[in-house]
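What follows is the content of input_18.txt (compact mmCIF, C-alpha atoms).
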# COMPACT_ATOMS: atom_id res chain seq x y z
CA MET A 1 0.00 0.00 0.00
CA LYS A 2 2.80 2.37 1.00
CA LYS A 3 4.57 1.60 -2.25
CA ILE A 4 1.55 2.44 -4.36
CA PHE A 5 1.20 5.70 -2.46
CA PHE A 6 4.86 6.52 -3.06
CA ILE A 7 4.56 5.82 -6.78
CA LEU A 8 1.41 7.95 -7.00
CA CYS A 9 3.32 10.79 -5.38
CA LEU A 10 5.97 10.46 -8.06
CA LEU A 11 3.29 10.52 -10.74
CA LEU A 12 2.13 13.85 -9.31
CA LEU A 13 5.65 15.16 -9.90
CA THR A 14 5.17 14.66 -13.62
CA GLY A 15 2.29 17.15 -13.37
CA CYS A 16 0.06 14.85 -15.38
CA GLY A 17 0.88 16.93 -18.44
CA GLN A 18 -1.44 19.93 -18.06
CA LYS A 19 0.04 23.05 -19.51
CA GLU A 20 -0.93 26.43 -20.88
CA TYR A 21 -2.19 26.67 -24.46
CA SER A 22 -3.28 29.87 -26.14
CA ALA A 23 -5.34 31.17 -29.06
CA GLN A 24 -6.30 34.53 -30.52
CA TYR A 25 -9.54 35.62 -32.14
CA PHE A 26 -9.70 38.66 -34.39
CA ASP A 27 -13.37 38.74 -35.33
CA ILE A 28 -15.38 39.43 -32.18
CA PHE A 29 -16.58 42.68 -30.61
CA ASP A 30 -14.39 44.70 -32.95
CA THR A 31 -11.37 43.88 -30.80
CA TYR A 32 -8.50 41.47 -30.27
CA THR A 33 -9.25 38.51 -27.98
CA THR A 34 -6.71 36.19 -26.36
CA VAL A 35 -7.47 32.91 -24.60
CA GLN A 36 -4.99 31.06 -22.34
CA LEU A 37 -6.15 27.74 -20.90
CA TYR A 38 -4.54 24.91 -18.94
CA CYS A 39 -5.37 21.72 -20.84
CA SER A 40 -3.99 18.19 -21.13
CA SER A 41 -3.41 18.30 -24.87
CA GLN A 42 -3.49 20.55 -27.90
CA LYS A 43 -6.48 18.56 -29.10
CA GLU A 44 -8.46 19.21 -25.93
CA PHE A 45 -7.53 22.90 -26.07
CA ASP A 46 -8.51 23.27 -29.74
CA HIS A 47 -11.85 21.65 -29.07
CA ILE A 48 -12.70 23.95 -26.15
CA SER A 49 -11.23 27.06 -27.75
CA ASP A 50 -13.17 26.50 -31.01
CA GLY A 51 -16.38 26.01 -29.06
CA LEU A 52 -15.73 29.17 -27.06
CA HIS A 53 -15.03 31.09 -30.27
CA ASP A 54 -18.38 29.96 -31.74
CA GLU A 55 -20.19 30.98 -28.57
CA LEU A 56 -18.56 34.43 -28.59
CA ILE A 57 -19.41 34.92 -32.26
CA ARG A 58 -23.03 34.08 -31.46
CA LEU A 59 -23.09 36.73 -28.71
CA HIS A 60 -21.24 39.23 -30.91
CA ARG A 61 -23.94 38.89 -33.55
CA LEU A 62 -26.77 39.30 -31.05
CA PHE A 63 -25.23 42.52 -29.71
CA ASP A 64 -24.16 43.93 -33.09
CA ILE A 65 -25.82 47.27 -33.90
CA TYR A 66 -24.46 47.56 -37.43
CA ASN A 67 -25.21 44.24 -39.18
CA ASN A 68 -28.18 41.91 -39.62
CA TYR A 69 -27.89 38.13 -39.24
CA ASP A 70 -30.28 35.18 -39.35
CA THR A 71 -31.22 35.63 -35.69
CA ALA A 72 -32.95 38.80 -34.51
CA ASN A 73 -30.25 40.98 -32.94
CA ILE A 74 -30.07 44.45 -31.42
CA LYS A 75 -29.97 45.99 -34.90
CA ALA A 76 -33.30 44.33 -35.67
CA VAL A 77 -34.71 45.81 -32.45
CA ASN A 78 -33.39 49.27 -33.41
CA ASP A 79 -34.69 48.97 -36.99
CA ASN A 80 -38.14 48.27 -35.58
CA ALA A 81 -38.15 51.25 -33.19
CA GLY A 82 -41.61 52.86 -33.26
CA ILE A 83 -42.84 50.01 -35.47
CA LYS A 84 -43.15 46.77 -33.52
CA PRO A 85 -41.75 44.63 -30.67
CA VAL A 86 -39.09 42.10 -31.69
CA LYS A 87 -38.83 38.61 -30.21
CA VAL A 88 -35.25 37.88 -29.22
CA ASP A 89 -32.95 35.16 -27.80
CA LYS A 90 -32.59 34.81 -24.04
CA GLU A 91 -29.10 36.37 -23.91
CA LEU A 92 -30.19 39.51 -25.77
CA TYR A 93 -33.24 39.87 -23.56
CA ASP A 94 -31.05 39.35 -20.46
CA ILE A 95 -28.42 41.89 -21.39
CA VAL A 96 -31.00 44.59 -22.18
CA LYS A 97 -32.55 43.95 -18.79
CA GLU A 98 -29.10 44.22 -17.17
CA GLY A 99 -28.55 47.44 -19.12
CA ILE A 100 -31.75 48.96 -17.76
CA SER A 101 -30.81 48.15 -14.16
CA ALA A 102 -27.33 49.58 -14.79
CA TYR A 103 -29.04 52.87 -15.69
CA TYR A 104 -30.63 53.13 -12.26
CA GLU A 105 -27.48 51.90 -10.49
CA THR A 106 -25.28 54.55 -12.11
CA ASP A 107 -27.51 57.60 -11.90
CA GLY A 108 -28.15 57.35 -15.65
CA TYR A 109 -24.48 57.58 -16.68
CA ILE A 110 -24.61 54.10 -18.20
CA ASN A 111 -27.54 54.43 -20.58
CA ILE A 112 -28.08 51.75 -23.22
CA ALA A 113 -30.83 53.96 -24.71
CA MET A 114 -28.25 56.57 -25.74
CA GLY A 115 -27.74 55.08 -29.21
CA SER A 116 -28.90 58.26 -30.99
CA VAL A 117 -26.06 60.32 -29.43
CA LEU A 118 -23.41 57.58 -29.67
CA ASP A 119 -24.24 57.04 -33.36
CA ILE A 120 -23.33 60.65 -34.12
CA TRP A 121 -19.97 60.31 -32.39
CA HIS A 122 -19.39 56.97 -34.09
CA GLU A 123 -19.97 58.51 -37.53
CA HIS A 124 -17.59 61.38 -36.85
CA ARG A 125 -14.96 58.98 -35.48
CA GLU A 126 -15.16 56.64 -38.48
CA LYS A 127 -14.97 59.58 -40.87
CA ALA A 128 -11.98 61.04 -39.02
CA LEU A 129 -10.10 57.75 -38.98
CA ASP A 130 -10.68 57.32 -42.71
CA ASP A 131 -9.66 60.86 -43.51
CA PRO A 132 -7.77 62.49 -40.59
CA GLU A 133 -7.22 65.75 -42.55
CA ASN A 134 -10.94 66.44 -42.55
CA ALA A 135 -11.71 65.38 -38.99
CA ASP A 136 -14.41 67.33 -37.20
CA ILE A 137 -16.68 67.13 -34.18
CA PRO A 138 -20.48 67.14 -34.09
CA SER A 139 -22.29 70.40 -33.41
CA MET A 140 -23.88 70.86 -29.99
CA GLU A 141 -27.28 71.45 -31.64
CA GLU A 142 -27.06 68.10 -33.40
CA LEU A 143 -26.06 66.35 -30.16
CA LYS A 144 -28.81 68.05 -28.14
CA ARG A 145 -31.46 67.11 -30.70
CA ALA A 146 -30.31 63.48 -30.50
CA ALA A 147 -30.25 63.62 -26.68
CA GLU A 148 -34.02 64.18 -26.70
CA HIS A 149 -34.36 60.54 -27.74
CA THR A 150 -32.36 58.85 -24.97
CA ASP A 151 -35.06 58.21 -22.34
CA ILE A 152 -34.48 54.75 -20.81
CA ASN A 153 -38.28 54.37 -20.59
CA ASN A 154 -38.37 54.16 -24.38
CA ILE A 155 -37.33 50.52 -23.99
CA LEU A 156 -40.28 48.26 -23.27
CA LEU A 157 -39.69 44.65 -22.25
CA ASN A 158 -42.25 41.88 -22.24
CA ASP A 159 -41.13 38.99 -20.02
CA ASP A 160 -43.83 36.58 -21.23
CA GLU A 161 -43.18 37.08 -24.93
CA MET A 162 -39.43 37.83 -24.55
CA THR A 163 -39.83 40.83 -26.81
CA ILE A 164 -38.10 44.20 -26.85
CA TYR A 165 -39.80 47.31 -28.20
CA ILE A 166 -38.40 50.80 -28.55
CA LYS A 167 -41.37 53.15 -28.63
CA ASP A 168 -39.56 56.28 -29.88
CA LYS A 169 -38.61 55.72 -33.51
CA GLU A 170 -35.66 58.14 -33.19
CA ALA A 171 -34.23 56.20 -30.22
CA SER A 172 -31.88 53.22 -30.36
CA ILE A 173 -30.05 50.82 -28.08
CA ASP A 174 -26.25 50.65 -27.90
CA LEU A 175 -24.80 47.86 -25.75
CA GLY A 176 -21.18 49.01 -26.15
CA ALA A 177 -20.66 49.74 -22.44
CA ILE A 178 -21.78 46.31 -21.27
CA ALA A 179 -21.54 43.78 -24.14
CA LYS A 180 -17.97 42.62 -23.55
CA GLY A 181 -18.48 42.31 -19.80
CA TYR A 182 -21.60 40.22 -20.30
CA ALA A 183 -19.81 38.07 -22.90
CA ALA A 184 -16.77 37.61 -20.63
CA ASP A 185 -19.01 36.28 -17.84
CA LYS A 186 -20.66 33.90 -20.32
CA ALA A 187 -17.25 32.79 -21.56
CA ARG A 188 -16.20 31.94 -17.99
CA GLU A 189 -19.41 29.89 -17.53
CA TYR A 190 -18.66 28.07 -20.78
CA LEU A 191 -15.16 27.12 -19.62
CA ILE A 192 -16.31 25.98 -16.18
CA GLN A 193 -18.95 23.75 -17.76
CA ARG A 194 -16.22 22.12 -19.83
CA GLY A 195 -14.06 21.38 -16.81
CA ILE A 196 -11.48 24.14 -17.22
CA SER A 197 -10.21 25.32 -13.84
CA ALA A 198 -7.28 27.51 -14.88
CA GLY A 199 -7.57 30.01 -17.70
CA LEU A 200 -7.61 33.62 -18.76
CA ILE A 201 -9.63 35.41 -21.43
CA ASN A 202 -8.88 38.95 -22.53
CA LEU A 203 -11.74 40.35 -24.60
CA GLY A 204 -9.98 43.55 -25.62
CA GLY A 205 -9.95 45.21 -22.20
CA ASN A 206 -12.26 42.82 -20.36
CA VAL A 207 -10.22 40.15 -18.60
CA ILE A 208 -11.71 37.18 -16.82
CA GLY A 209 -9.66 34.66 -14.87
CA LEU A 210 -10.00 31.14 -13.51
CA ALA A 211 -7.35 30.10 -11.02
CA ASP A 212 -6.51 26.82 -9.27
CA SER A 213 -3.40 25.06 -7.93
CA LYS A 214 -1.90 24.88 -11.46
CA LYS A 215 -2.18 28.64 -11.84
CA PRO A 216 -2.87 30.25 -8.46
CA SER A 217 -3.18 33.75 -9.89
CA TRP A 218 -2.85 35.71 -13.12
CA LYS A 219 -0.75 38.83 -13.47
CA ILE A 220 -2.39 41.66 -15.38
CA GLY A 221 -0.41 44.65 -16.58
CA VAL A 222 -2.40 47.90 -16.68
CA GLN A 223 -1.14 49.71 -19.75
CA LYS A 224 0.02 53.30 -19.69
CA PRO A 225 -2.99 55.04 -21.28
CA GLU A 226 -1.51 55.67 -24.71
CA GLU A 227 -2.24 53.78 -27.87
CA GLY A 228 0.23 50.92 -28.34
CA SER A 229 2.22 51.69 -25.18
CA THR A 230 4.14 48.73 -23.77
CA GLU A 231 4.69 50.41 -20.39
CA PHE A 232 2.65 49.49 -17.33
CA VAL A 233 1.38 51.90 -14.73
CA TYR A 234 0.30 49.11 -12.41
CA LYS A 235 0.26 45.33 -12.08
CA LEU A 236 -2.72 43.44 -10.70
CA ASP A 237 -3.03 39.86 -9.47
CA ILE A 238 -6.41 38.27 -10.08
CA LYS A 239 -7.75 34.83 -9.21
CA ASN A 240 -11.33 33.89 -10.07
CA GLN A 241 -12.09 37.49 -10.92
CA SER A 242 -12.52 40.02 -13.67
CA ALA A 243 -10.44 43.08 -14.47
CA VAL A 244 -11.80 45.72 -16.85
CA SER A 245 -10.28 48.96 -18.11
CA SER A 246 -12.06 51.92 -19.62
CA GLY A 247 -9.74 54.42 -21.23
CA ASN A 248 -9.44 57.30 -23.63
CA TYR A 249 -6.81 55.40 -25.65
CA GLN A 250 -9.01 52.55 -26.90
CA ARG A 251 -11.32 54.07 -29.50
CA PHE A 252 -10.62 57.65 -30.39
CA TYR A 253 -9.66 60.17 -33.01
CA VAL A 254 -7.72 63.39 -32.88
CA TYR A 255 -9.06 66.80 -33.84
CA HIS A 256 -7.11 70.03 -33.21
CA ASN A 257 -4.70 68.09 -30.96
CA ASN A 258 -7.51 66.91 -28.70
CA ILE A 259 -8.47 63.30 -28.18
CA TYR A 260 -12.12 62.48 -28.91
CA HIS A 261 -12.82 59.02 -27.52
CA HIS A 262 -15.87 56.77 -27.29
CA ILE A 263 -17.06 57.25 -23.68
CA ILE A 264 -19.63 60.03 -23.75
CA ASP A 265 -20.73 61.93 -20.63
CA LYS A 266 -24.54 62.35 -20.68
CA ASP A 267 -24.26 65.77 -18.96
CA THR A 268 -22.00 67.35 -21.57
CA LEU A 269 -22.71 65.00 -24.53
CA MET A 270 -18.93 65.15 -25.06
CA PRO A 271 -16.20 62.56 -24.35
CA ALA A 272 -15.67 62.32 -20.59
CA SER A 273 -12.51 64.13 -19.54
CA ASN A 274 -11.88 63.47 -15.83
CA ASN A 275 -9.52 60.51 -16.27
CA LYS A 276 -7.26 58.81 -18.80
CA SER A 277 -8.20 55.32 -17.63
CA VAL A 278 -9.99 53.49 -14.84
CA THR A 279 -9.55 49.78 -14.11
CA ILE A 280 -11.88 47.76 -11.88
CA VAL A 281 -11.30 44.33 -10.33
CA SER A 282 -14.60 42.64 -9.45
CA ASN A 283 -16.21 39.21 -9.44
CA SER A 284 -18.51 39.84 -12.38
CA SER A 285 -17.09 41.25 -15.61
CA LEU A 286 -20.46 42.81 -16.46
CA GLU A 287 -20.28 44.76 -13.22
CA GLY A 288 -16.62 45.60 -13.93
CA ASP A 289 -17.58 46.88 -17.38
CA ILE A 290 -20.39 49.06 -16.01
CA TYR A 291 -18.34 50.51 -13.14
CA SER A 292 -15.10 51.06 -15.07
CA THR A 293 -17.08 53.23 -17.51
CA TYR A 294 -19.08 54.93 -14.75
CA LEU A 295 -15.96 55.73 -12.70
CA PHE A 296 -14.11 56.82 -15.83
CA ILE A 297 -16.80 59.48 -16.36
CA LEU A 298 -16.92 60.60 -12.70
CA PRO A 299 -14.20 62.68 -11.06
CA TYR A 300 -11.83 60.64 -8.85
CA ASP A 301 -13.27 61.98 -5.55
CA LYS A 302 -16.73 60.66 -6.35
CA GLY A 303 -15.48 57.45 -7.96
CA VAL A 304 -13.29 56.44 -5.04
CA LYS A 305 -16.30 56.50 -2.69
CA ILE A 306 -18.27 54.25 -5.00
CA ALA A 307 -15.38 51.80 -5.40
CA GLU A 308 -15.05 51.64 -1.61
CA GLU A 309 -18.78 51.07 -1.16
CA LYS A 310 -18.84 48.30 -3.77
CA GLY A 311 -15.66 46.66 -2.44
CA PHE A 312 -13.83 46.89 -5.79
CA LYS A 313 -10.14 47.25 -6.28
CA ALA A 314 -9.74 50.20 -8.65
CA VAL A 315 -6.88 51.94 -10.45
CA TRP A 316 -7.18 55.50 -11.82
CA VAL A 317 -4.79 57.21 -14.19
CA ASP A 318 -5.55 60.93 -14.30
CA ASN A 319 -4.80 63.48 -17.01
CA ASN A 320 -1.32 64.08 -15.60
CA ASP A 321 -0.58 60.33 -15.66
CA LYS A 322 -0.82 60.19 -11.86
CA THR A 323 -1.85 56.69 -10.76
CA ARG A 324 -4.05 56.14 -7.72
CA THR A 325 -5.53 52.94 -6.33
CA GLN A 326 -8.29 51.89 -4.01
CA GLY A 327 -8.80 48.52 -2.33
CA MET B 1 22.90 -10.56 -0.93
CA TYR B 2 21.55 -7.34 0.52
CA LYS B 3 17.77 -7.22 0.41
CA ASN B 4 15.78 -4.00 0.47
CA VAL B 5 12.78 -4.66 2.69
CA PHE B 6 10.70 -1.74 1.34
CA PHE B 7 11.32 -1.89 -2.41
CA LYS B 8 11.89 -4.78 -4.75
CA ASN B 9 14.24 -4.29 -7.72
CA ARG B 10 11.27 -4.11 -10.04
CA ASP B 11 9.83 -1.25 -8.00
CA ILE B 12 13.08 0.67 -8.18
CA ILE B 13 13.05 0.34 -11.97
CA ILE B 14 9.49 1.66 -12.12
CA ILE B 15 10.39 4.55 -9.83
CA LEU B 16 13.42 5.40 -11.93
CA MET B 17 11.30 5.30 -15.08
CA ILE B 18 8.78 7.69 -13.57
CA ILE B 19 11.53 10.07 -12.51
CA ALA B 20 12.99 9.87 -16.01
CA ALA B 21 9.55 10.59 -17.49
CA ALA B 22 9.18 13.60 -15.19
CA VAL B 23 12.57 14.96 -16.24
CA ILE B 24 11.84 14.42 -19.94
CA LEU B 25 8.42 16.08 -19.64
CA TYR B 26 9.90 19.03 -17.75
CA PHE B 27 12.64 19.75 -20.24
CA GLY B 28 10.59 18.58 -23.22
CA THR B 29 7.94 21.22 -22.55
CA ARG B 30 10.37 24.09 -22.00
CA PRO B 31 10.14 25.19 -25.64
CA PHE B 32 6.51 25.99 -24.92
CA ILE B 33 7.39 29.08 -22.95
CA LYS B 34 5.05 32.02 -23.11
CA GLU B 35 4.39 33.99 -26.22
CA GLY B 36 5.85 37.46 -26.21
CA ASN B 37 3.86 40.62 -26.72
CA SER B 38 6.19 42.73 -28.77
CA ALA B 39 8.90 42.35 -31.37
CA GLN B 40 12.04 44.47 -31.23
CA ILE B 41 14.10 45.24 -34.28
CA LEU B 42 17.76 45.86 -33.51
CA LEU B 43 20.27 47.37 -35.92
CA ASP B 44 23.87 46.79 -34.93
CA GLY B 45 22.68 46.02 -31.40
CA ARG B 46 20.47 49.07 -30.96
CA VAL B 47 16.67 48.94 -30.87
CA ILE B 48 15.38 50.90 -33.87
CA LYS B 49 11.75 49.83 -33.69
CA THR B 50 9.34 48.00 -31.38
CA LEU B 51 6.30 46.40 -32.95
CA ASP B 52 3.19 45.38 -31.04
CA LEU B 53 2.44 41.72 -31.84
CA LYS B 54 -1.26 42.45 -31.42
CA LYS B 55 -1.33 44.73 -34.43
CA ASP B 56 -0.76 43.36 -37.92
CA THR B 57 1.69 45.63 -39.68
CA THR B 58 4.76 45.79 -41.91
CA PHE B 59 7.92 47.79 -41.37
CA SER B 60 10.99 48.59 -43.41
CA PRO B 61 14.03 50.29 -41.82
CA GLU B 62 14.91 53.55 -43.57
CA GLY B 63 17.35 53.12 -46.43
CA MET B 64 17.36 49.34 -46.22
CA ASP B 65 15.96 46.73 -48.55
CA VAL B 66 14.48 44.67 -45.72
CA VAL B 67 10.82 44.16 -44.83
CA PHE B 68 9.40 42.96 -41.51
CA GLU B 69 5.86 41.83 -40.89
CA VAL B 70 3.65 41.24 -37.85
CA SER B 71 0.71 38.95 -38.55
CA ASN B 72 -1.57 36.98 -36.21
CA GLY B 73 0.62 37.63 -33.19
CA ARG B 74 3.85 36.52 -34.92
CA ALA B 75 6.72 38.40 -36.54
CA ARG B 76 9.13 37.61 -39.38
CA PHE B 77 11.53 38.89 -42.01
CA VAL B 78 9.43 39.00 -45.19
CA SER B 79 12.32 39.83 -47.48
CA SER B 80 15.93 40.91 -47.34
CA ASP B 81 18.58 41.83 -49.88
CA CYS B 82 21.16 39.64 -48.15
CA PRO B 83 22.66 36.72 -50.11
CA ASP B 84 21.99 33.86 -47.69
CA LYS B 85 18.33 34.62 -46.69
CA ILE B 86 18.82 32.86 -43.37
CA CYS B 87 16.71 35.58 -41.72
CA VAL B 88 13.79 35.07 -44.13
CA ASN B 89 14.06 31.29 -43.86
CA THR B 90 13.72 31.47 -40.09
CA GLY B 91 10.05 32.19 -40.70
CA PHE B 92 7.58 33.42 -38.11
CA ILE B 93 8.55 33.67 -34.45
CA ASN B 94 6.31 34.45 -31.47
CA LYS B 95 7.81 33.00 -28.29
CA LYS B 96 9.52 35.16 -25.71
CA GLY B 97 13.27 35.05 -26.32
CA GLN B 98 13.10 33.79 -29.92
CA SER B 99 14.96 35.73 -32.56
CA ALA B 100 15.68 35.84 -36.27
CA VAL B 101 18.99 37.26 -37.41
CA CYS B 102 20.32 38.83 -40.60
CA LEU B 103 24.07 38.98 -40.16
CA PRO B 104 24.92 40.75 -43.44
CA ASN B 105 22.55 43.62 -42.53
CA LYS B 106 23.36 43.47 -38.79
CA LEU B 107 19.64 43.19 -38.09
CA VAL B 108 18.00 41.19 -35.31
CA LEU B 109 14.29 40.60 -34.86
CA LYS B 110 13.66 39.61 -31.26
CA ILE B 111 10.49 38.67 -29.40
CA THR B 112 10.25 40.30 -26.01
CA GLY B 113 7.67 39.82 -23.35
CA SER B 114 7.05 40.82 -19.81
CA ASP B 115 6.28 39.11 -16.57
CA VAL B 116 2.54 39.65 -16.99
CA ASP B 117 0.03 37.16 -18.38
CA THR B 118 -2.02 39.76 -20.22
CA VAL B 119 -2.36 43.52 -20.66
CA LEU B 120 -5.34 45.77 -20.07
Would you mind writing the structure in this file as C-alpha cells?
Amino acid sequence: MKKIFFILCLLLLTGCGQKEYSAQYFDIFDTYTTVQLYCSSQKEFDHISDGLHDELIRLHRLFDIYNNYDTANIKAVNDNAGIKPVKVDKELYDIVKEGISAYYETDGYINIAMGSVLDIWHEHREKALDDPENADIPSMEELKRAAEHTDINNILLNDDEMTIYIKDKEASIDLGAIAKGYAADKAREYLIQRGISAGLINLGGNVIGLADSKKPSWKIGVQKPEEGSTEFVYKLDIKNQSAVSSGNYQRFYVYHNNIYHHIIDKDTLMPASNNKSVTIVSNSSLEGDIYSTYLFILPYDKGVKIAEEKGFKAVWVDNNDKTRTQG
Amino acid sequence: MYKNVFFKNRDIIIILMIIAAAVILYFGTRPFIKEGNSAQILLDGRVIKTLDLKKDTTFSPEGMDVVFEVSNGRARFVSSDCPDKICVNTGFINKKGQSAVCLPNKLVLKITGSDVDTVL
C-alpha cells in the first residue's frame, strides 16, 4: 500500500501533463481577444477554444448594432423602433434587462438607450479615422437634438413574450458599455462547464480569470494610457475574478490636438474628460464593465467613494498620468 | 545478498522510469514558454523599432531593402537583400526570447515579453 502511495506521489511530480495553451480571435466585438487555458493536450484545447469562439461569435452577432444576421439581434430591435416589438434570444433579452438596471445603479451615466447620441460620435470617429485631414466634431445642436431621444423608458420589455420594443422611432439601443463584460461572464461559464479550472480570457480590455493550484493567480499589466504603449502603470493579481479597463486610448480620433474618444458623458454629450483610464477588479465582468465606464466618467473623488462602497479594487490614471488605487 | 525490505528491484526500476519521465516532460515542454507581446528590431545592437504583436503591420528600416511583418501575433523577415536569406528562412517567431537574425545587414528581430500574463 505504501509503495503504491509513493509511486502515485511520483506521478504527481510529472504534473500529469497539463500546460498552458493559447489562441487569438480577431473577429469578435471589434477587438483582439486572447485565450490562455490549462489543458492536457493541444487537441483538448482546440476543441474547447473552437467552441468558445463559436459561442462568442453568437453573442457578438446578437449585440451587433451595425449588421443583420439570421437571428434577430439588437440591430433588428433598433430597426423596428416605433414600429413593432421584436422577439429575441434569451441572452439579448437578459443583457437589455441588465442594461436597464445599470441605468438606475449609475444615476443614468450608463444608458443603453443613448444610441442616438453615440451614433453621431461613431460617424464622426469613423470619418476622421478614414480621412484624418478632414476630422471634425459634431455640433452641440445636433447632439442636443439626439439627446431628446435617450429616455431609458423608451425601452419596453415583455417577459412573457421575450420581446423588446423601442417606442420612440428616433431612439436606439447601444450595448457598447456592457456587451464585452456580459460576454466575458458567459465565456467563464462556458469554460467551467467544460471542466477548465485555470484560464484567462482577454476580450480587448475585459479580462476574466480562472485560477486553481496549477495557476494560483494571473498577473495583469495595466497599460500606460496611450495607444500601443508597452509600459505598465500598475500590475494586478487576479484569481477567479474580472479586471476591466475603460480608457481614452481605446477608441478615439484626434481633432485640433484633442483626443475624442468613445465614452460620452450624458451631462456634456462630449467625451468624458476626468480621467485617462480606470480599471476595476470585481467578481462579475459585467459589473466591472459598467463601473469602469461609470468611474471613468466621474471625477476621482466621487469614484473612489463608489469603489469603496462596492468593495472593488480600482486603479485610476488621471490626465497628468498620476496613478491612484483603491482597495 | 543485501535485500531491500521496502522496495523490490522491479519497484526501483518503475520509480526510476517515472523520474525519467518527469525529467523528460519538464525539459521537453520548455520550448513551450510564453508567447511574447512585442517584437524588437535591432540594428547593430540598438533597438530601432518596437512592434506590437497584437497589431498586424509591416515595417521597413529607412534606407534598407528589408521588410518585416507582424501577422496573427507573430513576426518575421518577409524579405531581405542579403545573399543567404537565413533571416527570411527562419520564418515566423512568437515566443519570448526567440529571434531571427540577418548577419549581413546586422539586423536582429527579437520577441520580447514581460512578466505579466495579459495587458489591459
Residue list for chain A near chain B as a VMD selection string, 6 Å, all atoms listed in the file: chain A and resid 14 205 219 to 223
Shell around stretch 152-160 of chain A at 12 Å using only C-alpha atoms, local window under 3 positions removed, as a PyMOL selection string: chain A and resi 77-78+80-82+84-90+92-104+107-115+147-149+163-174
Counting all atoms listed in the file, the residue of A:Tyr190, A:Ile83, A:Glu126, A:Gln36 that sits nearest A:Asp54: A:Tyr190
Surrounding residues of stretch 311-317 of chain A excluding itself and chain neighbours under 5 positions, 12 Å, all atoms listed in the file, as a PyMOL selection string: (chain A and resi 221-226+232-238+241-249+273-285+287-288+291-293+295-301+303-306+322-327) or (chain B and resi 120)
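Here atom CA of A:Pro138 is placed at a distance of 27.0 Å from atom CA of A:Asn68.
Our summary of the geometry notes that atom CA of B:Asp81 is positioned 6.5 Å from atom CA of B:Val66.
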Distance in Å - atom CA of B:Pro61 versus atom CA of B:Leu107: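 Atom CA of B:Leu107 lies at a distance of 9.8 Å from atom CA of B:Pro61.
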Residues near stretch 87-93 of chain B, cut-off 8 Å, all atoms listed in the file, skip fewer than 4 positions along chain, as a ChimeraX atom specification: /B:74-80,98-102,111
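Nearest residue to A:Ile196, choosing from A:Val254, A:Ala184, A:Ala72, A:Leu37 and counting all atoms listed in the file: A:Leu37.
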Who sits within 9 Å of A:Leu269, all atoms listed in the file, same chain under 5 positions skipped, as an NGL selection string: :A and (117 or 140 or 143-144 or 147 or 264)
Selection near A:Pro132, 12 Å with all atoms listed in the file, sequence-local residues under 2 positions removed, as a PyMOL selection string: chain A and resi 124-130+134-137+252-257
